[in-house]
$ cat run.pdb   # PDB, C-alpha atoms, pLDDT in the B column
ATOM      1  CA  MET E   1      85.795 213.261 259.947  1.00 75.00           C
ATOM      2  CA  SER E   2      86.808 210.242 261.974  1.00 81.00           C
ATOM      3  CA  ILE E   3      90.248 210.036 263.556  1.00 81.00           C
ATOM      4  CA  ARG E   4      91.414 207.137 261.423  1.00 80.00           C
ATOM      5  CA  HIS E   5      90.646 209.028 258.240  1.00 85.00           C
ATOM      6  CA  THR E   6      92.341 212.191 259.448  1.00 88.00           C
ATOM      7  CA  VAL E   7      95.449 210.147 260.332  1.00 90.00           C
ATOM      8  CA  LEU E   8      95.569 209.196 256.651  1.00 90.00           C
ATOM      9  CA  LEU E   9      95.461 212.880 255.723  1.00 92.00           C
ATOM     10  CA  PHE E  10      98.695 213.272 257.694  1.00 93.00           C
ATOM     11  CA  VAL E  11     100.447 210.059 256.714  1.00 94.00           C
ATOM     12  CA  PHE E  12      99.781 210.379 252.974  1.00 95.00           C
ATOM     13  CA  PRO E  13     101.524 213.759 252.463  1.00 95.00           C
ATOM     14  CA  ALA E  14     104.309 212.725 254.849  1.00 95.00           C
ATOM     15  CA  ALA E  15     105.043 209.695 252.654  1.00 96.00           C
ATOM     16  CA  PHE E  16     104.911 211.988 249.639  1.00 96.00           C
ATOM     17  CA  ILE E  17     107.418 214.419 251.174  1.00 96.00           C
ATOM     18  CA  THR E  18     109.717 211.535 252.146  1.00 96.00           C
ATOM     19  CA  TYR E  19     110.090 210.738 248.449  1.00 96.00           C
ATOM     20  CA  LEU E  20     110.111 214.366 247.324  1.00 96.00           C
ATOM     21  CA  ASP E  21     113.161 215.018 249.482  1.00 96.00           C
ATOM     22  CA  ARG E  22     115.055 211.895 248.483  1.00 95.00           C
ATOM     23  CA  VAL E  23     114.309 212.109 244.747  1.00 95.00           C
ATOM     24  CA  CYS E  24     115.172 215.802 244.456  1.00 96.00           C
ATOM     25  CA  ILE E  25     118.919 215.121 244.374  1.00 96.00           C
ATOM     26  CA  SER E  26     118.613 212.915 241.272  1.00 95.00           C
ATOM     27  CA  VAL E  27     117.186 215.823 239.306  1.00 95.00           C
ATOM     28  CA  ALA E  28     119.621 218.304 240.834  1.00 96.00           C
ATOM     29  CA  ALA E  29     122.648 216.010 240.387  1.00 96.00           C
ATOM     30  CA  LEU E  30     123.992 217.597 237.209  1.00 95.00           C
ATOM     31  CA  ALA E  31     123.628 221.122 238.567  1.00 96.00           C
ATOM     32  CA  ILE E  32     125.261 220.095 241.857  1.00 97.00           C
ATOM     33  CA  GLN E  33     128.156 218.395 240.040  1.00 96.00           C
ATOM     34  CA  ALA E  34     128.728 221.492 237.942  1.00 96.00           C
ATOM     35  CA  ASP E  35     128.475 223.932 240.870  1.00 96.00           C
ATOM     36  CA  LEU E  36     130.602 221.998 243.345  1.00 96.00           C
ATOM     37  CA  GLY E  37     132.949 220.518 240.767  1.00 95.00           C
ATOM     38  CA  LEU E  38     132.181 216.874 241.583  1.00 96.00           C
ATOM     39  CA  THR E  39     133.126 213.961 239.347  1.00 95.00           C
ATOM     40  CA  PRO E  40     130.395 211.398 238.532  1.00 95.00           C
ATOM     41  CA  PHE E  41     132.338 208.996 240.767  1.00 96.00           C
ATOM     42  CA  GLU E  42     132.076 211.366 243.748  1.00 96.00           C
ATOM     43  CA  MET E  43     128.405 211.964 243.005  1.00 96.00           C
ATOM     44  CA  GLY E  44     127.894 208.203 243.058  1.00 96.00           C
ATOM     45  CA  TRP E  45     129.274 208.077 246.605  1.00 97.00           C
ATOM     46  CA  VAL E  46     126.919 210.891 247.595  1.00 97.00           C
ATOM     47  CA  PHE E  47     123.962 208.731 246.469  1.00 97.00           C
ATOM     48  CA  THR E  48     125.439 205.718 248.244  1.00 97.00           C
ATOM     49  CA  ALA E  49     125.895 207.604 251.528  1.00 97.00           C
ATOM     50  CA  PHE E  50     122.134 208.111 251.787  1.00 97.00           C
ATOM     51  CA  TYR E  51     121.285 204.440 251.310  1.00 97.00           C
ATOM     52  CA  VAL E  52     124.083 203.156 253.540  1.00 98.00           C
ATOM     53  CA  ALA E  53     122.838 205.263 256.446  1.00 98.00           C
ATOM     54  CA  TYR E  54     119.222 204.412 255.647  1.00 97.00           C
ATOM     55  CA  ALA E  55     120.017 200.688 255.756  1.00 97.00           C
ATOM     56  CA  ILE E  56     122.066 200.925 258.954  1.00 98.00           C
ATOM     57  CA  PHE E  57     119.491 202.895 260.925  1.00 98.00           C
ATOM     58  CA  GLU E  58     116.149 201.539 259.634  1.00 97.00           C
ATOM     59  CA  ILE E  59     115.870 198.778 262.254  1.00 97.00           C
ATOM     60  CA  PRO E  60     117.248 200.753 265.243  1.00 97.00           C
ATOM     61  CA  ALA E  61     115.036 203.731 264.372  1.00 97.00           C
ATOM     62  CA  SER E  62     111.976 201.488 264.162  1.00 96.00           C
ATOM     63  CA  TYR E  63     112.876 199.945 267.522  1.00 96.00           C
ATOM     64  CA  VAL E  64     113.147 203.382 269.085  1.00 95.00           C
ATOM     65  CA  GLY E  65     109.812 204.234 267.428  1.00 94.00           C
ATOM     66  CA  ASP E  66     108.133 201.349 269.239  1.00 94.00           C
ATOM     67  CA  ARG E  67     109.627 202.480 272.543  1.00 95.00           C
ATOM     68  CA  TRP E  68     108.887 206.195 272.184  1.00 95.00           C
ATOM     69  CA  GLY E  69     105.460 206.021 270.579  1.00 93.00           C
ATOM     70  CA  GLN E  70     104.519 207.278 267.141  1.00 93.00           C
ATOM     71  CA  ARG E  71     103.985 210.941 267.942  1.00 94.00           C
ATOM     72  CA  ARG E  72     107.338 211.621 269.548  1.00 95.00           C
ATOM     73  CA  THR E  73     109.147 209.475 266.958  1.00 96.00           C
ATOM     74  CA  LEU E  74     107.553 211.104 263.922  1.00 96.00           C
ATOM     75  CA  VAL E  75     108.218 214.558 265.326  1.00 96.00           C
ATOM     76  CA  ARG E  76     111.857 213.491 265.684  1.00 97.00           C
ATOM     77  CA  ILE E  77     112.055 211.934 262.196  1.00 97.00           C
ATOM     78  CA  VAL E  78     110.047 214.442 260.150  1.00 96.00           C
ATOM     79  CA  GLY E  79     111.473 217.291 262.199  1.00 96.00           C
ATOM     80  CA  GLY E  80     114.968 215.920 261.535  1.00 96.00           C
ATOM     81  CA  TRP E  81     115.312 214.953 257.899  1.00 97.00           C
ATOM     82  CA  PRO E  82     114.069 218.282 256.414  1.00 97.00           C
ATOM     83  CA  VAL E  83     116.921 219.990 258.270  1.00 97.00           C
ATOM     84  CA  PHE E  84     119.339 217.840 256.246  1.00 97.00           C
ATOM     85  CA  THR E  85     117.312 218.433 253.080  1.00 97.00           C
ATOM     86  CA  MET E  86     117.855 222.136 253.641  1.00 97.00           C
ATOM     87  CA  MET E  87     121.530 221.613 254.485  1.00 97.00           C
ATOM     88  CA  THR E  88     121.928 219.761 251.170  1.00 97.00           C
ATOM     89  CA  GLY E  89     121.053 223.076 249.561  1.00 97.00           C
ATOM     90  CA  LEU E  90     123.890 224.710 251.488  1.00 97.00           C
ATOM     91  CA  ALA E  91     126.588 222.129 250.644  1.00 96.00           C
ATOM     92  CA  SER E  92     129.890 223.548 249.444  1.00 95.00           C
ATOM     93  CA  GLY E  93     131.975 220.483 248.569  1.00 94.00           C
ATOM     94  CA  SER E  94     132.022 216.728 248.054  1.00 94.00           C
ATOM     95  CA  VAL E  95     132.930 215.844 251.646  1.00 96.00           C
ATOM     96  CA  ASN E  96     130.315 217.919 253.414  1.00 96.00           C
ATOM     97  CA  LEU E  97     127.674 216.915 250.842  1.00 97.00           C
ATOM     98  CA  LEU E  98     128.527 213.267 251.510  1.00 97.00           C
ATOM     99  CA  ILE E  99     128.224 213.764 255.270  1.00 97.00           C
ATOM    100  CA  ILE E 100     124.958 215.711 254.943  1.00 98.00           C
ATOM    101  CA  ARG E 101     123.441 212.958 252.748  1.00 97.00           C
ATOM    102  CA  PHE E 102     124.558 210.311 255.244  1.00 98.00           C
ATOM    103  CA  PHE E 103     122.775 212.136 258.059  1.00 98.00           C
ATOM    104  CA  PHE E 104     119.768 212.697 255.776  1.00 98.00           C
ATOM    105  CA  GLY E 105     119.526 208.925 255.223  1.00 97.00           C
ATOM    106  CA  ALA E 106     119.876 208.248 258.933  1.00 97.00           C
ATOM    107  CA  ALA E 107     117.164 210.798 259.696  1.00 97.00           C
ATOM    108  CA  GLU E 108     114.680 209.367 257.174  1.00 97.00           C
ATOM    109  CA  SER E 109     115.074 205.830 258.515  1.00 97.00           C
ATOM    110  CA  GLY E 110     112.211 204.545 260.612  1.00 96.00           C
ATOM    111  CA  ALA E 111     109.731 206.870 258.895  1.00 96.00           C
ATOM    112  CA  PHE E 112     107.702 204.224 257.070  1.00 95.00           C
ATOM    113  CA  PRO E 113     107.622 201.628 259.877  1.00 95.00           C
ATOM    114  CA  THR E 114     106.547 204.263 262.401  1.00 94.00           C
ATOM    115  CA  ARG E 115     103.895 205.685 260.079  1.00 94.00           C
ATOM    116  CA  SER E 116     102.517 202.185 259.563  1.00 91.00           C
ATOM    117  CA  ARG E 117     102.167 201.913 263.297  1.00 90.00           C
ATOM    118  CA  ALA E 118     100.554 205.351 263.495  1.00 90.00           C
ATOM    119  CA  LEU E 119      97.796 204.016 261.230  1.00 87.00           C
ATOM    120  CA  SER E 120      97.332 200.866 263.274  1.00 80.00           C
ATOM    121  CA  PRO E 121      95.554 201.979 266.497  1.00 75.00           C
ATOM    122  CA  GLY E 122      92.847 203.758 264.510  1.00 70.00           C
ATOM    123  CA  SER E 123      92.250 200.838 262.153  1.00 74.00           C
ATOM    124  CA  PRO E 124      90.135 197.842 263.018  1.00 72.00           C
ATOM    125  CA  ARG E 125      92.189 194.629 262.802  1.00 72.00           C
ATOM    126  CA  THR E 126      90.017 193.570 259.892  1.00 74.00           C
ATOM    127  CA  SER E 127      91.353 196.349 257.655  1.00 78.00           C
ATOM    128  CA  GLU E 128      94.983 197.035 258.520  1.00 80.00           C
ATOM    129  CA  ALA E 129      96.408 196.588 255.020  1.00 85.00           C
ATOM    130  CA  LEU E 130      94.067 199.066 253.357  1.00 87.00           C
ATOM    131  CA  PRO E 131      95.273 202.277 255.061  1.00 86.00           C
ATOM    132  CA  THR E 132      98.897 201.132 254.663  1.00 87.00           C
ATOM    133  CA  GLY E 133      98.264 201.001 250.935  1.00 87.00           C
TER     134      GLY E 133
ATOM    135  CA  MET W   1     100.411 205.619 252.785  1.00 90.00           C
ATOM    136  CA  TRP W   2     102.473 203.774 250.167  1.00 92.00           C
ATOM    137  CA  THR W   3     100.363 205.351 247.438  1.00 93.00           C
ATOM    138  CA  GLY W   4     101.555 208.703 248.729  1.00 93.00           C
ATOM    139  CA  ALA W   5     105.159 207.521 248.565  1.00 94.00           C
ATOM    140  CA  ARG W   6     104.850 206.132 245.017  1.00 94.00           C
ATOM    141  CA  LEU W   7     103.034 209.265 243.929  1.00 94.00           C
ATOM    142  CA  GLY W   8     105.831 211.280 245.519  1.00 93.00           C
ATOM    143  CA  GLY W   9     108.341 209.299 243.503  1.00 93.00           C
ATOM    144  CA  ALA W  10     106.348 209.858 240.325  1.00 94.00           C
ATOM    145  CA  VAL W  11     105.685 213.588 240.703  1.00 95.00           C
ATOM    146  CA  SER W  12     108.851 214.705 242.507  1.00 95.00           C
ATOM    147  CA  PRO W  13     111.140 214.912 239.450  1.00 95.00           C
ATOM    148  CA  ALA W  14     108.718 217.321 237.792  1.00 96.00           C
ATOM    149  CA  LEU W  15     108.331 219.323 241.021  1.00 96.00           C
ATOM    150  CA  ALA W  16     112.097 219.412 241.464  1.00 96.00           C
ATOM    151  CA  VAL W  17     112.622 220.731 237.918  1.00 96.00           C
ATOM    152  CA  LEU W  18     109.944 223.331 238.530  1.00 97.00           C
ATOM    153  CA  ALA W  19     111.471 224.414 241.853  1.00 96.00           C
ATOM    154  CA  MET W  20     114.983 224.501 240.376  1.00 96.00           C
ATOM    155  CA  THR W  21     114.006 226.757 237.490  1.00 96.00           C
ATOM    156  CA  TRP W  22     112.273 228.992 240.004  1.00 96.00           C
ATOM    157  CA  VAL W  23     114.755 229.202 242.910  1.00 97.00           C
ATOM    158  CA  GLY W  24     117.764 227.166 241.750  1.00 96.00           C
ATOM    159  CA  TRP W  25     118.873 223.772 243.115  1.00 96.00           C
ATOM    160  CA  ARG W  26     119.894 225.188 246.464  1.00 97.00           C
ATOM    161  CA  GLY W  27     116.552 226.933 246.823  1.00 97.00           C
ATOM    162  CA  ALA W  28     114.700 223.753 245.845  1.00 97.00           C
ATOM    163  CA  PHE W  29     116.242 221.809 248.759  1.00 97.00           C
ATOM    164  CA  ILE W  30     115.478 224.605 251.196  1.00 97.00           C
ATOM    165  CA  LEU W  31     111.895 224.902 249.929  1.00 97.00           C
ATOM    166  CA  PHE W  32     111.259 221.133 250.140  1.00 97.00           C
ATOM    167  CA  GLY W  33     112.789 221.030 253.603  1.00 97.00           C
ATOM    168  CA  ALA W  34     110.480 223.804 254.755  1.00 97.00           C
ATOM    169  CA  ILE W  35     107.439 221.822 253.568  1.00 97.00           C
ATOM    170  CA  GLY W  36     108.472 218.928 255.846  1.00 96.00           C
ATOM    171  CA  LEU W  37     108.855 221.243 258.825  1.00 97.00           C
ATOM    172  CA  ILE W  38     105.375 222.674 258.263  1.00 96.00           C
ATOM    173  CA  TRP W  39     103.997 219.111 258.243  1.00 96.00           C
ATOM    174  CA  VAL W  40     105.644 218.274 261.551  1.00 96.00           C
ATOM    175  CA  ALA W  41     104.270 221.408 263.225  1.00 95.00           C
ATOM    176  CA  VAL W  42     100.676 220.563 262.256  1.00 95.00           C
ATOM    177  CA  PHE W  43     101.109 216.869 263.054  1.00 94.00           C
ATOM    178  CA  ALA W  44     102.500 217.495 266.539  1.00 93.00           C
ATOM    179  CA  ARG W  45      99.482 219.634 267.373  1.00 92.00           C
ATOM    180  CA  TRP W  46      96.925 217.106 266.170  1.00 90.00           C
ATOM    181  CA  TYR W  47      98.217 213.562 266.651  1.00 90.00           C
ATOM    182  CA  ARG W  48      97.851 211.469 269.823  1.00 88.00           C
ATOM    183  CA  ASP W  49      99.303 207.958 270.212  1.00 86.00           C
ATOM    184  CA  ASP W  50      96.136 206.660 271.828  1.00 83.00           C
ATOM    185  CA  PRO W  51      92.896 207.414 269.949  1.00 79.00           C
ATOM    186  CA  ALA W  52      91.023 207.224 273.269  1.00 78.00           C
ATOM    187  CA  VAL W  53      92.596 210.449 274.551  1.00 78.00           C
ATOM    188  CA  HIS W  54      92.105 212.327 271.287  1.00 83.00           C
ATOM    189  CA  HIS W  55      89.939 215.437 271.461  1.00 75.00           C
ATOM    190  CA  ALA W  56      88.066 214.388 268.297  1.00 76.00           C
ATOM    191  CA  ALA W  57      87.360 210.877 269.558  1.00 77.00           C
ATOM    192  CA  ASN W  58      83.731 209.858 269.863  1.00 78.00           C
ATOM    193  CA  ALA W  59      82.234 206.803 271.527  1.00 78.00           C
ATOM    194  CA  ALA W  60      81.085 205.161 268.292  1.00 77.00           C
ATOM    195  CA  GLU W  61      84.501 205.242 266.648  1.00 79.00           C
ATOM    196  CA  LEU W  62      86.318 204.049 269.765  1.00 79.00           C
ATOM    197  CA  GLU W  63      83.863 201.158 270.011  1.00 76.00           C
ATOM    198  CA  ALA W  64      84.511 200.238 266.368  1.00 74.00           C
ATOM    199  CA  ILE W  65      88.274 200.282 266.997  1.00 73.00           C
ATOM    200  CA  ARG W  66      87.887 198.226 270.196  1.00 70.00           C
ATOM    201  CA  VAL W  67      85.700 195.597 268.538  1.00 67.00           C
ATOM    202  CA  GLY W  68      88.098 195.385 265.601  1.00 63.00           C
ATOM    203  CA  ALA W  69      91.070 194.966 267.918  1.00 61.00           C
ATOM    204  CA  ALA W  70      89.393 192.148 269.850  1.00 57.00           C
ATOM    205  CA  LEU W  71      88.430 190.062 266.809  1.00 56.00           C
ATOM    206  CA  PRO W  72      89.473 186.459 267.342  1.00 52.00           C
ATOM    207  CA  PRO W  73      91.825 184.831 264.858  1.00 53.00           C
ATOM    208  CA  ALA W  74      90.205 182.715 262.146  1.00 54.00           C
ATOM    209  CA  MET W  75      90.994 179.348 263.799  1.00 51.00           C
ATOM    210  CA  SER W  76      89.832 179.960 267.330  1.00 53.00           C
ATOM    211  CA  GLU W  77      88.812 176.446 268.444  1.00 58.00           C
ATOM    212  CA  PRO W  78      91.164 173.489 268.636  1.00 62.00           C
ATOM    213  CA  LEU W  79      90.406 170.516 266.417  1.00 64.00           C
ATOM    214  CA  PRO W  80      88.057 168.072 268.179  1.00 64.00           C
ATOM    215  CA  GLY W  81      90.641 165.265 268.268  1.00 67.00           C
ATOM    216  CA  LYS W  82      88.595 162.724 270.212  1.00 67.00           C
ATOM    217  CA  GLN W  83      85.436 162.955 268.151  1.00 69.00           C
ATOM    218  CA  LEU W  84      87.150 163.304 264.785  1.00 66.00           C
ATOM    219  CA  PRO W  85      87.812 159.567 264.097  1.00 66.00           C
ATOM    220  CA  PHE W  86      84.167 158.761 264.838  1.00 70.00           C
ATOM    221  CA  SER W  87      82.724 161.620 262.864  1.00 73.00           C
ATOM    222  CA  ARG W  88      80.285 160.327 260.281  1.00 75.00           C
ATOM    223  CA  ASP W  89      81.033 163.310 258.037  1.00 75.00           C
ATOM    224  CA  LEU W  90      84.742 162.537 258.026  1.00 69.00           C
ATOM    225  CA  LEU W  91      84.245 158.772 257.454  1.00 75.00           C
ATOM    226  CA  LEU W  92      81.953 159.558 254.540  1.00 78.00           C
ATOM    227  CA  LEU W  93      84.484 161.974 253.151  1.00 77.00           C
ATOM    228  CA  CYS W  94      87.193 159.312 253.342  1.00 77.00           C
ATOM    229  CA  ALA W  95      84.970 156.688 251.743  1.00 75.00           C
ATOM    230  CA  THR W  96      84.187 158.796 248.707  1.00 69.00           C
TER     231      THR W  96
END

$ encode --input "run.pdb" --output "structure tokens"
Amino acid sequence: MSIRHTVLLFVFPAAFITYLDRVCISVAALAIQADLGLTPFEMGWVFTAFYVAYAIFEIPASYVGDRWGQRRTLVRIVGGWPVFTMMTGLASGSVNLLIIRFFFGAAESGAFPTRSRALSPGSPRTSEALPTG
Amino acid sequence: MWTGARLGGAVSPALAVLAMTWVGWRGAFILFGAIGLIWVAVFARWYRDDPAVHHAANAAELEAIRVGAALPPAMSEPLPGKQLPFSRDLLLLCAT
């Protein structure tokens, strides 16, 4: 198999896992609220923490991705966010859950821009949109 | 890539429910995290930033990438400004 097709075999599941890890908390929300004794208001802030961090760090993380190269950056990003996914499972209260979700959002930022660039060197300029889709 | 993300969004709730009934919500997060770490281990072994230094690279593919990268943009030549006013095609176009 050619390199540019094998790259897709990596990028596709990585994009899948990115969503798996961020969607999981929506399903687990009720169980988490019950276990940790969180109000819906506190749970709302837990959701917000992820997106706030994601928004803050998306551009800086993409900038670093351009400087470092895709391999080093994706090892950093995909090696980083699952640690916070796992730590979410170890949360014991509203404050540490909030902090963990903030770091999770920060760690996931830059993932899609850097993966787009990982697809680019293997794709002829005439078909750059196709693998991104 | 984005298909993978959308598919992840579509299938993840079902997978999360499945994982939670199996290992609880805490276990589900730990399991999903582990899947990401497995990905990164395989990726780091295989991926190279430059396709030219990749062990699986062959001459034909590198040539296809190089040719694709060097394709000129669609409008490569400047408009022939001096000849344009005297162009019979253009005058005819204006007349009709």

$ resolve_selection --input "run.pdb" --expression "the PyMOL selection byres ((chain W) within 7 of (chain E))" --output "MDAnalysis selection string"
chainID W and resid 1:5 7:9 12:13 16:17 25:27 29:30 32:34 36:37 40 43:44 47:49 51 56:57 64:65 68:69

$ resolve_selection --input "run.pdb" --expression "the PyMOL selection byres ((chain E and resi 95) around 12)" --output "number ranges by chain"
E: 36-38, 42-43, 45-46, 49, 88, 91-94, 96-102

$ write_last_selection --input "run.pdb" --atoms "C-alpha atoms" --output "CSV table (one decimal), in the frame of the given file"
chain,number,residue,atom,x,y,z
E,36,LEU,CA,130.6,222.0,243.3
E,37,GLY,CA,132.9,220.5,240.8
E,38,LEU,CA,132.2,216.9,241.6
E,42,GLU,CA,132.1,211.4,243.7
E,43,MET,CA,128.4,212.0,243.0
E,45,TRP,CA,129.3,208.1,246.6
E,46,VAL,CA,126.9,210.9,247.6
E,49,ALA,CA,125.9,207.6,251.5
E,88,THR,CA,121.9,219.8,251.2
E,91,ALA,CA,126.6,222.1,250.6
E,92,SER,CA,129.9,223.5,249.4
E,93,GLY,CA,132.0,220.5,248.6
E,94,SER,CA,132.0,216.7,248.1
E,96,ASN,CA,130.3,217.9,253.4
E,97,LEU,CA,127.7,216.9,250.8
E,98,LEU,CA,128.5,213.3,251.5
E,99,ILE,CA,128.2,213.8,255.3
E,100,ILE,CA,125.0,215.7,254.9
E,101,ARG,CA,123.4,213.0,252.7
E,102,PHE,CA,124.6,210.3,255.2

$ resolve_selection --input "run.pdb" --expression "the PyMOL selection byres ((chain E and resi 62) around 10)" --output "PDB file with C-alpha atoms, in the coordinates of the input"
ATOM      1  CA  PHE E  57     119.491 202.895 260.925  1.00 98.00           C
ATOM      2  CA  GLU E  58     116.149 201.539 259.634  1.00 97.00           C
ATOM      3  CA  ILE E  59     115.870 198.778 262.254  1.00 97.00           C
ATOM      4  CA  PRO E  60     117.248 200.753 265.243  1.00 97.00           C
ATOM      5  CA  ALA E  61     115.036 203.731 264.372  1.00 97.00           C
ATOM      6  CA  TYR E  63     112.876 199.945 267.522  1.00 96.00           C
ATOM      7  CA  VAL E  64     113.147 203.382 269.085  1.00 95.00           C
ATOM      8  CA  GLY E  65     109.812 204.234 267.428  1.00 94.00           C
ATOM      9  CA  ASP E  66     108.133 201.349 269.239  1.00 94.00           C
ATOM     10  CA  ARG E  67     109.627 202.480 272.543  1.00 95.00           C
ATOM     11  CA  TRP E  68     108.887 206.195 272.184  1.00 95.00           C
ATOM     12  CA  GLN E  70     104.519 207.278 267.141  1.00 93.00           C
ATOM     13  CA  THR E  73     109.147 209.475 266.958  1.00 96.00           C
ATOM     14  CA  SER E 109     115.074 205.830 258.515  1.00 97.00           C
ATOM     15  CA  GLY E 110     112.211 204.545 260.612  1.00 96.00           C
ATOM     16  CA  ALA E 111     109.731 206.870 258.895  1.00 96.00           C
ATOM     17  CA  PHE E 112     107.702 204.224 257.070  1.00 95.00           C
ATOM     18  CA  PRO E 113     107.622 201.628 259.877  1.00 95.00           C
ATOM     19  CA  THR E 114     106.547 204.263 262.401  1.00 94.00           C
ATOM     20  CA  ARG E 115     103.895 205.685 260.079  1.00 94.00           C
ATOM     21  CA  ARG E 117     102.167 201.913 263.297  1.00 90.00           C
TER      22      ARG E 117
END

$ atom_distance --input "run.pdb" --atom1 "CA of Ala34 (chain E)" --atom2 "CA of Ala28 (chain W)"
16.3 Å

$ axis_aligned_box --input "run.pdb" --around "region 17-25 of chain W" --padding-each-side "6 Å" --output "lines of an AutoDock Vina configuration file"
center_x = 114.4
center_y = 225.0
center_z = 240.3
size_x = 20.9
size_y = 20.5
size_z = 17.6

$ atom_distance --input "run.pdb" --atom1 "CA of Gly44 (chain E)" --atom2 "CA of Ile35 (chain W)"
26.7 Å

$ atom_distance --input "run.pdb" --atom1 "CA of Ile56 (chain E)" --atom2 "CA of Ala107 (chain E)"
11.0 Å
